[in-house]
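**Q** What follows is work20.txt; its format and atoms are compact mmCIF, N, CA and C atoms.
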```
# COMPACT_ATOMS: atom_id res chain seq x y z
N MET Q 1 -2.68 -5.85 -11.79
CA MET Q 1 -2.62 -7.27 -12.02
C MET Q 1 -1.79 -7.92 -10.92
N THR Q 2 -2.36 -8.92 -10.33
CA THR Q 2 -1.62 -9.65 -9.31
C THR Q 2 -1.07 -10.92 -9.91
N LEU Q 3 0.13 -11.21 -9.53
CA LEU Q 3 0.77 -12.42 -10.02
C LEU Q 3 0.50 -13.56 -9.05
N THR Q 4 -0.12 -14.57 -9.56
CA THR Q 4 -0.33 -15.77 -8.77
C THR Q 4 0.71 -16.80 -9.18
N ARG Q 5 0.81 -17.82 -8.40
CA ARG Q 5 1.77 -18.87 -8.71
C ARG Q 5 1.44 -19.51 -10.06
N ARG Q 6 0.17 -19.68 -10.35
CA ARG Q 6 -0.25 -20.28 -11.63
C ARG Q 6 0.16 -19.42 -12.81
N LYS Q 7 -0.01 -18.10 -12.71
CA LYS Q 7 0.36 -17.19 -13.79
C LYS Q 7 1.87 -17.20 -14.02
N VAL Q 8 2.63 -17.26 -12.94
CA VAL Q 8 4.09 -17.31 -13.06
C VAL Q 8 4.51 -18.61 -13.74
N MET Q 9 3.86 -19.73 -13.40
CA MET Q 9 4.20 -21.01 -14.02
C MET Q 9 3.87 -20.99 -15.52
N VAL Q 10 2.73 -20.40 -15.88
CA VAL Q 10 2.35 -20.32 -17.30
C VAL Q 10 3.32 -19.43 -18.06
N MET Q 11 3.71 -18.30 -17.48
CA MET Q 11 4.67 -17.41 -18.14
C MET Q 11 6.02 -18.09 -18.28
N GLY Q 12 6.44 -18.84 -17.28
CA GLY Q 12 7.71 -19.56 -17.36
C GLY Q 12 7.69 -20.63 -18.43
N ALA Q 13 6.58 -21.36 -18.53
CA ALA Q 13 6.46 -22.39 -19.57
C ALA Q 13 6.46 -21.74 -20.96
N GLY Q 14 5.80 -20.61 -21.10
CA GLY Q 14 5.79 -19.90 -22.38
C GLY Q 14 7.17 -19.42 -22.75
N ALA Q 15 7.92 -18.92 -21.78
CA ALA Q 15 9.29 -18.45 -22.05
C ALA Q 15 10.18 -19.62 -22.46
N PHE Q 16 10.00 -20.77 -21.81
CA PHE Q 16 10.79 -21.95 -22.18
C PHE Q 16 10.51 -22.35 -23.62
N VAL Q 17 9.24 -22.38 -23.99
CA VAL Q 17 8.88 -22.76 -25.36
C VAL Q 17 9.44 -21.73 -26.34
N ALA Q 18 9.31 -20.45 -26.03
CA ALA Q 18 9.75 -19.40 -26.95
C ALA Q 18 11.26 -19.42 -27.15
N PHE Q 19 12.01 -19.69 -26.11
CA PHE Q 19 13.47 -19.64 -26.21
C PHE Q 19 14.12 -21.01 -26.37
N GLY Q 20 13.47 -22.06 -25.93
CA GLY Q 20 14.06 -23.39 -25.98
C GLY Q 20 13.96 -24.07 -27.32
N LEU Q 21 12.87 -23.87 -28.04
CA LEU Q 21 12.69 -24.56 -29.32
C LEU Q 21 13.70 -24.13 -30.38
N PRO Q 22 13.97 -22.83 -30.59
CA PRO Q 22 14.97 -22.48 -31.59
C PRO Q 22 16.36 -23.04 -31.27
N LEU Q 23 16.70 -23.13 -30.01
CA LEU Q 23 18.01 -23.68 -29.64
C LEU Q 23 18.07 -25.16 -29.99
N ARG Q 24 16.97 -25.88 -29.76
CA ARG Q 24 16.95 -27.29 -30.08
C ARG Q 24 17.03 -27.52 -31.59
N ALA Q 25 16.36 -26.66 -32.38
CA ALA Q 25 16.42 -26.79 -33.85
C ALA Q 25 17.84 -26.53 -34.33
N THR Q 26 18.51 -25.52 -33.76
CA THR Q 26 19.88 -25.22 -34.15
C THR Q 26 20.80 -26.38 -33.76
N ALA Q 27 20.57 -26.98 -32.61
CA ALA Q 27 21.39 -28.12 -32.18
C ALA Q 27 21.18 -29.30 -33.12
N ALA Q 28 19.95 -29.50 -33.60
CA ALA Q 28 19.68 -30.59 -34.53
C ALA Q 28 20.43 -30.36 -35.84
N ALA Q 29 20.46 -29.12 -36.31
CA ALA Q 29 21.20 -28.81 -37.54
C ALA Q 29 22.69 -29.05 -37.34
N GLU Q 30 23.22 -28.64 -36.20
CA GLU Q 30 24.64 -28.87 -35.92
C GLU Q 30 24.96 -30.36 -35.85
N ASP Q 31 24.05 -31.15 -35.31
CA ASP Q 31 24.25 -32.59 -35.24
C ASP Q 31 24.28 -33.20 -36.64
N GLN Q 32 23.39 -32.74 -37.52
CA GLN Q 32 23.37 -33.27 -38.88
C GLN Q 32 24.62 -32.86 -39.65
N ILE Q 33 25.10 -31.65 -39.42
CA ILE Q 33 26.34 -31.20 -40.07
C ILE Q 33 27.51 -32.05 -39.60
N ALA Q 34 27.58 -32.30 -38.29
CA ALA Q 34 28.68 -33.12 -37.75
C ALA Q 34 28.62 -34.54 -38.30
N ALA Q 35 27.41 -35.08 -38.45
CA ALA Q 35 27.28 -36.44 -39.00
C ALA Q 35 27.70 -36.48 -40.47
N PHE Q 36 27.36 -35.44 -41.22
CA PHE Q 36 27.70 -35.39 -42.65
C PHE Q 36 29.20 -35.22 -42.86
N THR Q 37 29.82 -34.35 -42.06
CA THR Q 37 31.24 -34.05 -42.25
C THR Q 37 32.15 -34.98 -41.45
N GLY Q 38 31.60 -35.70 -40.52
CA GLY Q 38 32.44 -36.53 -39.67
C GLY Q 38 33.32 -35.71 -38.75
N GLY Q 39 32.93 -34.47 -38.47
CA GLY Q 39 33.69 -33.58 -37.60
C GLY Q 39 34.83 -32.86 -38.29
N ALA Q 40 34.94 -33.00 -39.61
CA ALA Q 40 36.02 -32.33 -40.36
C ALA Q 40 35.76 -30.82 -40.44
N ALA Q 41 36.83 -30.07 -40.66
CA ALA Q 41 36.71 -28.62 -40.80
C ALA Q 41 35.98 -28.29 -42.10
N ILE Q 42 35.21 -27.20 -42.07
CA ILE Q 42 34.43 -26.78 -43.24
C ILE Q 42 34.99 -25.46 -43.73
N GLY Q 43 35.34 -25.42 -45.01
CA GLY Q 43 35.87 -24.20 -45.61
C GLY Q 43 34.80 -23.39 -46.31
N GLU Q 44 35.21 -22.29 -46.88
CA GLU Q 44 34.32 -21.40 -47.63
C GLU Q 44 34.74 -21.42 -49.09
N GLY Q 45 33.81 -21.07 -49.97
CA GLY Q 45 34.11 -20.98 -51.40
C GLY Q 45 33.98 -22.32 -52.09
N GLY Q 46 33.81 -22.27 -53.40
CA GLY Q 46 33.69 -23.50 -54.17
C GLY Q 46 32.27 -24.02 -54.25
N ILE Q 47 31.33 -23.35 -53.59
CA ILE Q 47 29.92 -23.74 -53.62
C ILE Q 47 29.07 -22.48 -53.73
N THR Q 48 28.02 -22.56 -54.51
CA THR Q 48 27.13 -21.43 -54.70
C THR Q 48 25.72 -21.83 -54.30
N LEU Q 49 25.11 -21.06 -53.40
CA LEU Q 49 23.73 -21.28 -52.98
C LEU Q 49 22.93 -20.05 -53.39
N THR Q 50 21.90 -20.26 -54.19
CA THR Q 50 21.05 -19.16 -54.63
C THR Q 50 19.67 -19.36 -54.01
N ALA Q 51 19.27 -18.40 -53.19
CA ALA Q 51 17.96 -18.43 -52.54
C ALA Q 51 17.43 -16.99 -52.49
N PRO Q 52 16.13 -16.80 -52.50
CA PRO Q 52 15.60 -15.44 -52.46
C PRO Q 52 15.87 -14.78 -51.11
N GLU Q 53 16.07 -13.47 -51.13
CA GLU Q 53 16.25 -12.74 -49.87
C GLU Q 53 14.95 -12.69 -49.09
N ILE Q 54 13.84 -12.51 -49.81
CA ILE Q 54 12.52 -12.47 -49.20
C ILE Q 54 11.63 -13.49 -49.91
N ALA Q 55 11.00 -14.36 -49.15
CA ALA Q 55 10.07 -15.34 -49.70
C ALA Q 55 8.68 -14.99 -49.19
N GLU Q 56 7.78 -14.72 -50.12
CA GLU Q 56 6.42 -14.36 -49.73
C GLU Q 56 5.61 -15.56 -49.29
N ASN Q 57 6.02 -16.75 -49.68
CA ASN Q 57 5.33 -17.96 -49.29
C ASN Q 57 6.37 -18.97 -48.80
N GLY Q 58 6.36 -19.26 -47.51
CA GLY Q 58 7.32 -20.18 -46.94
C GLY Q 58 7.12 -21.63 -47.35
N ASN Q 59 5.98 -21.93 -48.00
CA ASN Q 59 5.71 -23.30 -48.42
C ASN Q 59 6.46 -23.70 -49.68
N THR Q 60 6.83 -22.73 -50.53
CA THR Q 60 7.55 -23.05 -51.76
C THR Q 60 8.63 -22.01 -52.00
N VAL Q 61 9.79 -22.25 -51.44
CA VAL Q 61 10.92 -21.34 -51.59
C VAL Q 61 11.91 -21.98 -52.56
N PRO Q 62 12.14 -21.34 -53.73
CA PRO Q 62 13.05 -21.93 -54.70
C PRO Q 62 14.52 -21.73 -54.30
N ILE Q 63 15.31 -22.77 -54.41
CA ILE Q 63 16.75 -22.67 -54.16
C ILE Q 63 17.50 -23.39 -55.26
N GLU Q 64 18.73 -22.96 -55.49
CA GLU Q 64 19.65 -23.63 -56.40
C GLU Q 64 20.99 -23.75 -55.71
N VAL Q 65 21.66 -24.86 -55.91
CA VAL Q 65 22.98 -25.07 -55.32
C VAL Q 65 23.87 -25.73 -56.36
N SER Q 66 25.11 -25.25 -56.43
CA SER Q 66 26.06 -25.87 -57.34
C SER Q 66 27.45 -25.84 -56.72
N ALA Q 67 28.18 -26.91 -56.94
CA ALA Q 67 29.54 -27.04 -56.42
C ALA Q 67 30.33 -27.91 -57.39
N PRO Q 68 30.98 -27.29 -58.37
CA PRO Q 68 31.76 -28.08 -59.33
C PRO Q 68 32.81 -28.94 -58.61
N GLY Q 69 32.82 -30.21 -58.92
CA GLY Q 69 33.77 -31.13 -58.30
C GLY Q 69 33.27 -31.79 -57.04
N ALA Q 70 32.00 -31.57 -56.67
CA ALA Q 70 31.46 -32.15 -55.44
C ALA Q 70 30.93 -33.55 -55.70
N SER Q 71 31.00 -34.40 -54.68
CA SER Q 71 30.41 -35.73 -54.77
C SER Q 71 29.05 -35.77 -54.08
N GLU Q 72 28.86 -34.90 -53.09
CA GLU Q 72 27.58 -34.80 -52.38
C GLU Q 72 27.34 -33.37 -51.95
N ILE Q 73 26.08 -32.97 -51.91
CA ILE Q 73 25.69 -31.66 -51.39
C ILE Q 73 24.51 -31.87 -50.45
N MET Q 74 24.63 -31.36 -49.22
CA MET Q 74 23.55 -31.44 -48.24
C MET Q 74 22.99 -30.04 -48.04
N VAL Q 75 21.66 -29.92 -48.01
CA VAL Q 75 20.98 -28.65 -47.80
C VAL Q 75 20.19 -28.74 -46.50
N LEU Q 76 20.36 -27.71 -45.65
CA LEU Q 76 19.68 -27.65 -44.36
C LEU Q 76 18.92 -26.34 -44.21
N ALA Q 77 17.77 -26.39 -43.57
CA ALA Q 77 17.04 -25.19 -43.15
C ALA Q 77 17.13 -25.17 -41.63
N THR Q 78 18.01 -24.34 -41.09
CA THR Q 78 18.39 -24.43 -39.68
C THR Q 78 17.26 -24.12 -38.71
N GLY Q 79 16.23 -23.40 -39.14
CA GLY Q 79 15.14 -23.04 -38.24
C GLY Q 79 13.95 -23.97 -38.30
N ASN Q 80 13.96 -24.95 -39.18
CA ASN Q 80 12.86 -25.90 -39.27
C ASN Q 80 12.94 -26.92 -38.15
N PRO Q 81 11.81 -27.48 -37.72
CA PRO Q 81 11.86 -28.53 -36.69
C PRO Q 81 12.70 -29.72 -37.12
N THR Q 82 12.66 -30.06 -38.40
CA THR Q 82 13.53 -31.08 -38.98
C THR Q 82 14.40 -30.37 -40.00
N PRO Q 83 15.64 -30.04 -39.65
CA PRO Q 83 16.45 -29.17 -40.51
C PRO Q 83 16.92 -29.79 -41.82
N GLY Q 84 17.03 -31.09 -41.91
CA GLY Q 84 17.51 -31.71 -43.14
C GLY Q 84 16.51 -31.55 -44.27
N VAL Q 85 16.93 -30.91 -45.36
CA VAL Q 85 16.03 -30.69 -46.50
C VAL Q 85 16.31 -31.72 -47.58
N ALA Q 86 17.55 -31.83 -48.02
CA ALA Q 86 17.90 -32.75 -49.10
C ALA Q 86 19.39 -33.02 -49.10
N THR Q 87 19.75 -34.19 -49.63
CA THR Q 87 21.14 -34.51 -49.90
C THR Q 87 21.21 -35.03 -51.33
N PHE Q 88 22.01 -34.35 -52.13
CA PHE Q 88 22.18 -34.71 -53.53
C PHE Q 88 23.51 -35.44 -53.68
N THR Q 89 23.50 -36.58 -54.34
CA THR Q 89 24.71 -37.37 -54.58
C THR Q 89 24.98 -37.39 -56.08
N PHE Q 90 26.24 -37.13 -56.44
CA PHE Q 90 26.63 -37.07 -57.85
C PHE Q 90 27.64 -38.16 -58.14
N GLY Q 91 27.38 -38.93 -59.19
CA GLY Q 91 28.29 -39.99 -59.60
C GLY Q 91 29.39 -39.46 -60.51
N ALA Q 92 30.26 -40.34 -60.91
CA ALA Q 92 31.40 -39.96 -61.76
C ALA Q 92 30.96 -39.48 -63.13
N LEU Q 93 29.80 -39.91 -63.61
CA LEU Q 93 29.34 -39.54 -64.94
C LEU Q 93 28.37 -38.34 -64.93
N ALA Q 94 28.21 -37.69 -63.78
CA ALA Q 94 27.31 -36.53 -63.70
C ALA Q 94 27.86 -35.39 -64.56
N ALA Q 95 26.99 -34.81 -65.36
CA ALA Q 95 27.41 -33.71 -66.24
C ALA Q 95 27.77 -32.46 -65.45
N SER Q 96 27.02 -32.21 -64.38
CA SER Q 96 27.34 -31.07 -63.51
C SER Q 96 26.92 -31.42 -62.09
N GLN Q 97 27.52 -30.75 -61.16
CA GLN Q 97 27.20 -30.97 -59.75
C GLN Q 97 26.34 -29.80 -59.29
N ALA Q 98 25.10 -29.79 -59.74
CA ALA Q 98 24.16 -28.72 -59.42
C ALA Q 98 22.77 -29.30 -59.27
N ALA Q 99 21.94 -28.64 -58.46
CA ALA Q 99 20.56 -29.07 -58.27
C ALA Q 99 19.71 -27.86 -57.93
N SER Q 100 18.44 -27.95 -58.25
CA SER Q 100 17.49 -26.91 -57.87
C SER Q 100 16.22 -27.58 -57.41
N THR Q 101 15.57 -26.98 -56.44
CA THR Q 101 14.35 -27.53 -55.88
C THR Q 101 13.59 -26.43 -55.16
N ARG Q 102 12.44 -26.75 -54.66
CA ARG Q 102 11.66 -25.84 -53.81
C ARG Q 102 11.59 -26.48 -52.43
N ILE Q 103 11.78 -25.65 -51.41
CA ILE Q 103 11.79 -26.16 -50.04
C ILE Q 103 10.74 -25.43 -49.22
N ARG Q 104 10.41 -25.98 -48.08
CA ARG Q 104 9.46 -25.38 -47.16
C ARG Q 104 10.23 -24.83 -45.96
N LEU Q 105 9.95 -23.56 -45.63
CA LEU Q 105 10.60 -22.92 -44.48
C LEU Q 105 9.54 -22.54 -43.46
N ALA Q 106 9.81 -22.85 -42.20
CA ALA Q 106 8.87 -22.57 -41.12
C ALA Q 106 8.83 -21.09 -40.75
N GLY Q 107 9.80 -20.33 -41.16
CA GLY Q 107 9.88 -18.90 -40.85
C GLY Q 107 11.20 -18.35 -41.34
N THR Q 108 11.49 -17.12 -40.98
CA THR Q 108 12.75 -16.51 -41.37
C THR Q 108 13.91 -17.29 -40.75
N GLN Q 109 14.88 -17.68 -41.57
CA GLN Q 109 15.97 -18.52 -41.09
C GLN Q 109 17.08 -18.61 -42.12
N ASP Q 110 18.16 -19.28 -41.72
CA ASP Q 110 19.29 -19.51 -42.61
C ASP Q 110 19.09 -20.83 -43.35
N VAL Q 111 19.42 -20.82 -44.63
CA VAL Q 111 19.50 -22.04 -45.42
C VAL Q 111 20.98 -22.29 -45.66
N VAL Q 112 21.45 -23.48 -45.35
CA VAL Q 112 22.87 -23.81 -45.42
C VAL Q 112 23.07 -24.97 -46.40
N ALA Q 113 24.08 -24.85 -47.25
CA ALA Q 113 24.46 -25.93 -48.16
C ALA Q 113 25.91 -26.30 -47.88
N ILE Q 114 26.17 -27.59 -47.71
CA ILE Q 114 27.52 -28.09 -47.46
C ILE Q 114 27.84 -29.12 -48.53
N ALA Q 115 28.97 -28.95 -49.19
CA ALA Q 115 29.39 -29.85 -50.26
C ALA Q 115 30.60 -30.66 -49.82
N LYS Q 116 30.54 -31.96 -50.10
CA LYS Q 116 31.70 -32.83 -49.91
C LYS Q 116 32.39 -32.90 -51.27
N MET Q 117 33.59 -32.38 -51.32
CA MET Q 117 34.34 -32.34 -52.58
C MET Q 117 34.99 -33.69 -52.86
N ALA Q 118 35.42 -33.89 -54.09
CA ALA Q 118 36.02 -35.16 -54.50
C ALA Q 118 37.26 -35.52 -53.69
N ASP Q 119 37.99 -34.50 -53.20
CA ASP Q 119 39.20 -34.77 -52.41
C ASP Q 119 38.91 -35.03 -50.93
N GLY Q 120 37.62 -35.04 -50.54
CA GLY Q 120 37.24 -35.31 -49.16
C GLY Q 120 37.08 -34.08 -48.29
N SER Q 121 37.38 -32.89 -48.81
CA SER Q 121 37.19 -31.67 -48.05
C SER Q 121 35.73 -31.22 -48.11
N PHE Q 122 35.36 -30.29 -47.24
CA PHE Q 122 34.00 -29.79 -47.18
C PHE Q 122 34.01 -28.28 -47.31
N VAL Q 123 33.02 -27.74 -48.04
CA VAL Q 123 32.84 -26.30 -48.17
C VAL Q 123 31.37 -25.98 -47.91
N GLN Q 124 31.14 -24.74 -47.49
CA GLN Q 124 29.81 -24.35 -47.05
C GLN Q 124 29.42 -22.99 -47.60
N ALA Q 125 28.13 -22.83 -47.87
CA ALA Q 125 27.55 -21.53 -48.23
C ALA Q 125 26.22 -21.42 -47.51
N SER Q 126 25.84 -20.20 -47.13
CA SER Q 126 24.56 -20.02 -46.46
C SER Q 126 23.89 -18.75 -46.95
N SER Q 127 22.59 -18.70 -46.77
CA SER Q 127 21.79 -17.55 -47.17
C SER Q 127 20.65 -17.39 -46.18
N ASN Q 128 20.41 -16.16 -45.74
CA ASN Q 128 19.29 -15.89 -44.85
C ASN Q 128 18.07 -15.56 -45.70
N VAL Q 129 16.97 -16.27 -45.45
CA VAL Q 129 15.73 -16.06 -46.19
C VAL Q 129 14.69 -15.54 -45.22
N LYS Q 130 14.14 -14.37 -45.54
CA LYS Q 130 13.09 -13.76 -44.73
C LYS Q 130 11.75 -14.21 -45.29
N VAL Q 131 10.98 -14.93 -44.47
CA VAL Q 131 9.66 -15.40 -44.87
C VAL Q 131 8.63 -14.42 -44.35
N THR Q 132 7.86 -13.83 -45.27
CA THR Q 132 6.83 -12.87 -44.87
C THR Q 132 5.50 -13.58 -44.69
N ILE Q 133 4.66 -12.99 -43.89
CA ILE Q 133 3.34 -13.54 -43.64
C ILE Q 133 2.35 -12.86 -44.55
N GLY Q 134 1.58 -13.59 -45.29
CA GLY Q 134 0.53 -13.02 -46.12
C GLY Q 134 1.03 -12.41 -47.42
N GLY Q 135 2.29 -12.52 -47.72
CA GLY Q 135 2.81 -12.03 -48.99
C GLY Q 135 2.87 -10.53 -49.11
N CYS Q 136 2.95 -9.78 -47.98
CA CYS Q 136 3.00 -8.32 -48.08
C CYS Q 136 4.41 -7.78 -48.29
N GLY Q 137 5.40 -8.62 -48.23
CA GLY Q 137 6.77 -8.17 -48.47
C GLY Q 137 7.38 -7.45 -47.30
N GLY Q 138 6.78 -7.42 -46.15
CA GLY Q 138 7.34 -6.71 -45.00
C GLY Q 138 7.25 -7.49 -43.82
```
Using the file provided, produce a representation of the structure as structure tokens.

**A**
Amino acid sequence: MTLTRRKVMVMGAGAFVAFGLPLRATAAAEDQIAAFTGGAAIGEGGITLTAPEIAENGNTVPIEVSAPGASEIMVLATGNPTPGVATFTFGALAASQAASTRIRLAGTQDVVAIAKMADGSFVQASSNVKVTIGGCGG
């Protein structure tokens, strides 16, 4: 196989797409986190994120999130082209600070939940969800 200038340009463009897009999606998630937290430090604990380890269908992945004492919870799928999934807001009369929903994942990636607590602090939990193709579990 001889390498022509055209083949090198096509391979370079393919490499850019393969490596550049995930970085941009991660940067978008980081931007949304910074906007939600206002640049404040994020702690661990005080929030529970339940998501399946393996999802056979990336179109409907069930998740549950709870953070007792939270005023808001933001959920992100860091590998999606648009990482913001949902933001749940809880009023003073909310019986519990928990929510469950089904989300769409573009592929294997981290799902991140960040809670803004009543005292203004932020806590985070994450879970890696492996999305299989065709439901074979592998």

**Q** Got a sec: who's within 7 Å of Q:Phe90, counting only C-alpha atoms, leaving out chain neighbours fewer than 2 positions off, as number ranges by chain?

**A** Q: 71-72, 88, 92, 94, 97

**Q** What lies within 8 Å of Q:Ala28 using all atoms listed in the file, ignoring chain neighbours under 6 positions off, as JSON, numbers by chain?

**A** {"Q": [22, 34, 78, 81, 82, 83, 84]}

**Q** Among stretch 33-138 of chain Q, which ones does DSSP assign to strand (DSSP E) (computed from the backbone)? Answer as a CSV table (one decimal) with N, CA and C atoms, keeping the file's coordinate frame.

**A**
```csv
chain,number,residue,atom,x,y,z
Q,42,ILE,N,35.2,-27.2,-42.1
Q,42,ILE,CA,34.4,-26.8,-43.2
Q,42,ILE,C,35.0,-25.5,-43.7
Q,43,GLY,N,35.3,-25.4,-45.0
Q,43,GLY,CA,35.9,-24.2,-45.6
Q,43,GLY,C,34.8,-23.4,-46.3
Q,44,GLU,N,35.2,-22.3,-46.9
Q,44,GLU,CA,34.3,-21.4,-47.6
Q,44,GLU,C,34.7,-21.4,-49.1
Q,48,THR,N,28.0,-22.6,-54.5
Q,48,THR,CA,27.1,-21.4,-54.7
Q,48,THR,C,25.7,-21.8,-54.3
Q,49,LEU,N,25.1,-21.1,-53.4
Q,49,LEU,CA,23.7,-21.3,-53.0
Q,49,LEU,C,22.9,-20.0,-53.4
Q,50,THR,N,21.9,-20.3,-54.2
Q,50,THR,CA,21.0,-19.2,-54.6
Q,50,THR,C,19.7,-19.4,-54.0
Q,54,ILE,N,13.8,-12.5,-49.8
Q,54,ILE,CA,12.5,-12.5,-49.2
Q,54,ILE,C,11.6,-13.5,-49.9
Q,55,ALA,N,11.0,-14.4,-49.2
Q,55,ALA,CA,10.1,-15.3,-49.7
Q,55,ALA,C,8.7,-15.0,-49.2
Q,61,VAL,N,9.8,-22.2,-51.4
Q,61,VAL,CA,10.9,-21.3,-51.6
Q,61,VAL,C,11.9,-22.0,-52.6
Q,62,PRO,N,12.1,-21.3,-53.7
Q,62,PRO,CA,13.0,-21.9,-54.7
Q,62,PRO,C,14.5,-21.7,-54.3
Q,63,ILE,N,15.3,-22.8,-54.4
Q,63,ILE,CA,16.8,-22.7,-54.2
Q,63,ILE,C,17.5,-23.4,-55.3
Q,64,GLU,N,18.7,-23.0,-55.5
Q,64,GLU,CA,19.6,-23.6,-56.4
Q,64,GLU,C,21.0,-23.8,-55.7
Q,65,VAL,N,21.7,-24.9,-55.9
Q,65,VAL,CA,23.0,-25.1,-55.3
Q,65,VAL,C,23.9,-25.7,-56.4
Q,66,SER,N,25.1,-25.2,-56.4
Q,66,SER,CA,26.1,-25.9,-57.3
Q,66,SER,C,27.4,-25.8,-56.7
Q,70,ALA,N,32.0,-31.6,-56.7
Q,70,ALA,CA,31.5,-32.2,-55.4
Q,70,ALA,C,30.9,-33.6,-55.7
Q,71,SER,N,31.0,-34.4,-54.7
Q,71,SER,CA,30.4,-35.7,-54.8
Q,71,SER,C,29.0,-35.8,-54.1
Q,72,GLU,N,28.9,-34.9,-53.1
Q,72,GLU,CA,27.6,-34.8,-52.4
Q,72,GLU,C,27.3,-33.4,-52.0
Q,73,ILE,N,26.1,-33.0,-51.9
Q,73,ILE,CA,25.7,-31.7,-51.4
Q,73,ILE,C,24.5,-31.9,-50.4
Q,74,MET,N,24.6,-31.4,-49.2
Q,74,MET,CA,23.6,-31.4,-48.2
Q,74,MET,C,23.0,-30.0,-48.0
Q,75,VAL,N,21.7,-29.9,-48.0
Q,75,VAL,CA,21.0,-28.6,-47.8
Q,75,VAL,C,20.2,-28.7,-46.5
Q,76,LEU,N,20.4,-27.7,-45.6
Q,76,LEU,CA,19.7,-27.6,-44.4
Q,76,LEU,C,18.9,-26.3,-44.2
Q,77,ALA,N,17.8,-26.4,-43.6
Q,77,ALA,CA,17.0,-25.2,-43.2
Q,77,ALA,C,17.1,-25.2,-41.6
Q,84,GLY,N,17.0,-31.1,-41.9
Q,84,GLY,CA,17.5,-31.7,-43.1
Q,84,GLY,C,16.5,-31.6,-44.3
Q,85,VAL,N,16.9,-30.9,-45.4
Q,85,VAL,CA,16.0,-30.7,-46.5
Q,85,VAL,C,16.3,-31.7,-47.6
Q,86,ALA,N,17.6,-31.8,-48.0
Q,86,ALA,CA,17.9,-32.8,-49.1
Q,86,ALA,C,19.4,-33.0,-49.1
Q,87,THR,N,19.8,-34.2,-49.6
Q,87,THR,CA,21.1,-34.5,-49.9
Q,87,THR,C,21.2,-35.0,-51.3
Q,88,PHE,N,22.0,-34.4,-52.1
Q,88,PHE,CA,22.2,-34.7,-53.5
Q,88,PHE,C,23.5,-35.4,-53.7
Q,89,THR,N,23.5,-36.6,-54.3
Q,89,THR,CA,24.7,-37.4,-54.6
Q,89,THR,C,25.0,-37.4,-56.1
Q,98,ALA,N,25.1,-29.8,-59.7
Q,98,ALA,CA,24.2,-28.7,-59.4
Q,98,ALA,C,22.8,-29.3,-59.3
Q,99,ALA,N,21.9,-28.6,-58.5
Q,99,ALA,CA,20.6,-29.1,-58.3
Q,99,ALA,C,19.7,-27.9,-57.9
Q,100,SER,N,18.4,-28.0,-58.2
Q,100,SER,CA,17.5,-26.9,-57.9
Q,100,SER,C,16.2,-27.6,-57.4
Q,101,THR,N,15.6,-27.0,-56.4
Q,101,THR,CA,14.4,-27.5,-55.9
Q,101,THR,C,13.6,-26.4,-55.2
Q,102,ARG,N,12.4,-26.8,-54.7
Q,102,ARG,CA,11.7,-25.8,-53.8
Q,102,ARG,C,11.6,-26.5,-52.4
Q,103,ILE,N,11.8,-25.6,-51.4
Q,103,ILE,CA,11.8,-26.2,-50.0
Q,103,ILE,C,10.7,-25.4,-49.2
Q,109,GLN,N,14.9,-17.7,-41.6
Q,109,GLN,CA,16.0,-18.5,-41.1
Q,109,GLN,C,17.1,-18.6,-42.1
Q,110,ASP,N,18.2,-19.3,-41.7
Q,110,ASP,CA,19.3,-19.5,-42.6
Q,110,ASP,C,19.1,-20.8,-43.4
Q,111,VAL,N,19.4,-20.8,-44.6
Q,111,VAL,CA,19.5,-22.0,-45.4
Q,111,VAL,C,21.0,-22.3,-45.7
Q,112,VAL,N,21.4,-23.5,-45.4
Q,112,VAL,CA,22.9,-23.8,-45.4
Q,112,VAL,C,23.1,-25.0,-46.4
Q,113,ALA,N,24.1,-24.8,-47.2
Q,113,ALA,CA,24.5,-25.9,-48.2
Q,113,ALA,C,25.9,-26.3,-47.9
Q,114,ILE,N,26.2,-27.6,-47.7
Q,114,ILE,CA,27.5,-28.1,-47.5
Q,114,ILE,C,27.8,-29.1,-48.5
Q,115,ALA,N,29.0,-29.0,-49.2
Q,115,ALA,CA,29.4,-29.8,-50.3
Q,115,ALA,C,30.6,-30.7,-49.8
Q,116,LYS,N,30.5,-32.0,-50.1
Q,116,LYS,CA,31.7,-32.8,-49.9
Q,116,LYS,C,32.4,-32.9,-51.3
Q,117,MET,N,33.6,-32.4,-51.3
Q,117,MET,CA,34.3,-32.3,-52.6
Q,117,MET,C,35.0,-33.7,-52.9
Q,122,PHE,N,35.4,-30.3,-47.2
Q,122,PHE,CA,34.0,-29.8,-47.2
Q,122,PHE,C,34.0,-28.3,-47.3
Q,123,VAL,N,33.0,-27.7,-48.0
Q,123,VAL,CA,32.8,-26.3,-48.2
Q,123,VAL,C,31.4,-26.0,-47.9
Q,124,GLN,N,31.1,-24.7,-47.5
Q,124,GLN,CA,29.8,-24.4,-47.0
Q,124,GLN,C,29.4,-23.0,-47.6
Q,125,ALA,N,28.1,-22.8,-47.9
Q,125,ALA,CA,27.6,-21.5,-48.2
Q,125,ALA,C,26.2,-21.4,-47.5
Q,126,SER,N,25.8,-20.2,-47.1
Q,126,SER,CA,24.6,-20.0,-46.5
Q,126,SER,C,23.9,-18.8,-47.0
Q,127,SER,N,22.6,-18.7,-46.8
Q,127,SER,CA,21.8,-17.6,-47.2
Q,127,SER,C,20.6,-17.4,-46.2
Q,128,ASN,N,20.4,-16.2,-45.7
Q,128,ASN,CA,19.3,-15.9,-44.8
Q,128,ASN,C,18.1,-15.6,-45.7
Q,129,VAL,N,17.0,-16.3,-45.4
Q,129,VAL,CA,15.7,-16.1,-46.2
Q,129,VAL,C,14.7,-15.5,-45.2
Q,130,LYS,N,14.1,-14.4,-45.5
Q,130,LYS,CA,13.1,-13.8,-44.7
Q,130,LYS,C,11.8,-14.2,-45.3
Q,131,VAL,N,11.0,-14.9,-44.5
Q,131,VAL,CA,9.7,-15.4,-44.9
Q,131,VAL,C,8.6,-14.4,-44.4
```

**Q** What's around Q:Ile63 at 8 Å? Count only N, CA and C atoms, leave out sequence neighbours fewer than 6 positions away in its own chain, and write the answer as a PyMOL selection string.

**A** chain Q and resi 49-52+99-103

**Q** Using all atoms listed in the file, find the one residue out of Q:Pro68, Q:Gly107, Q:Gly38, Q:Gly45 that sits nearest to Q:Gln124.

**A**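 Answer, going by the shortest atom-to-atom distance: Q:Gly45.
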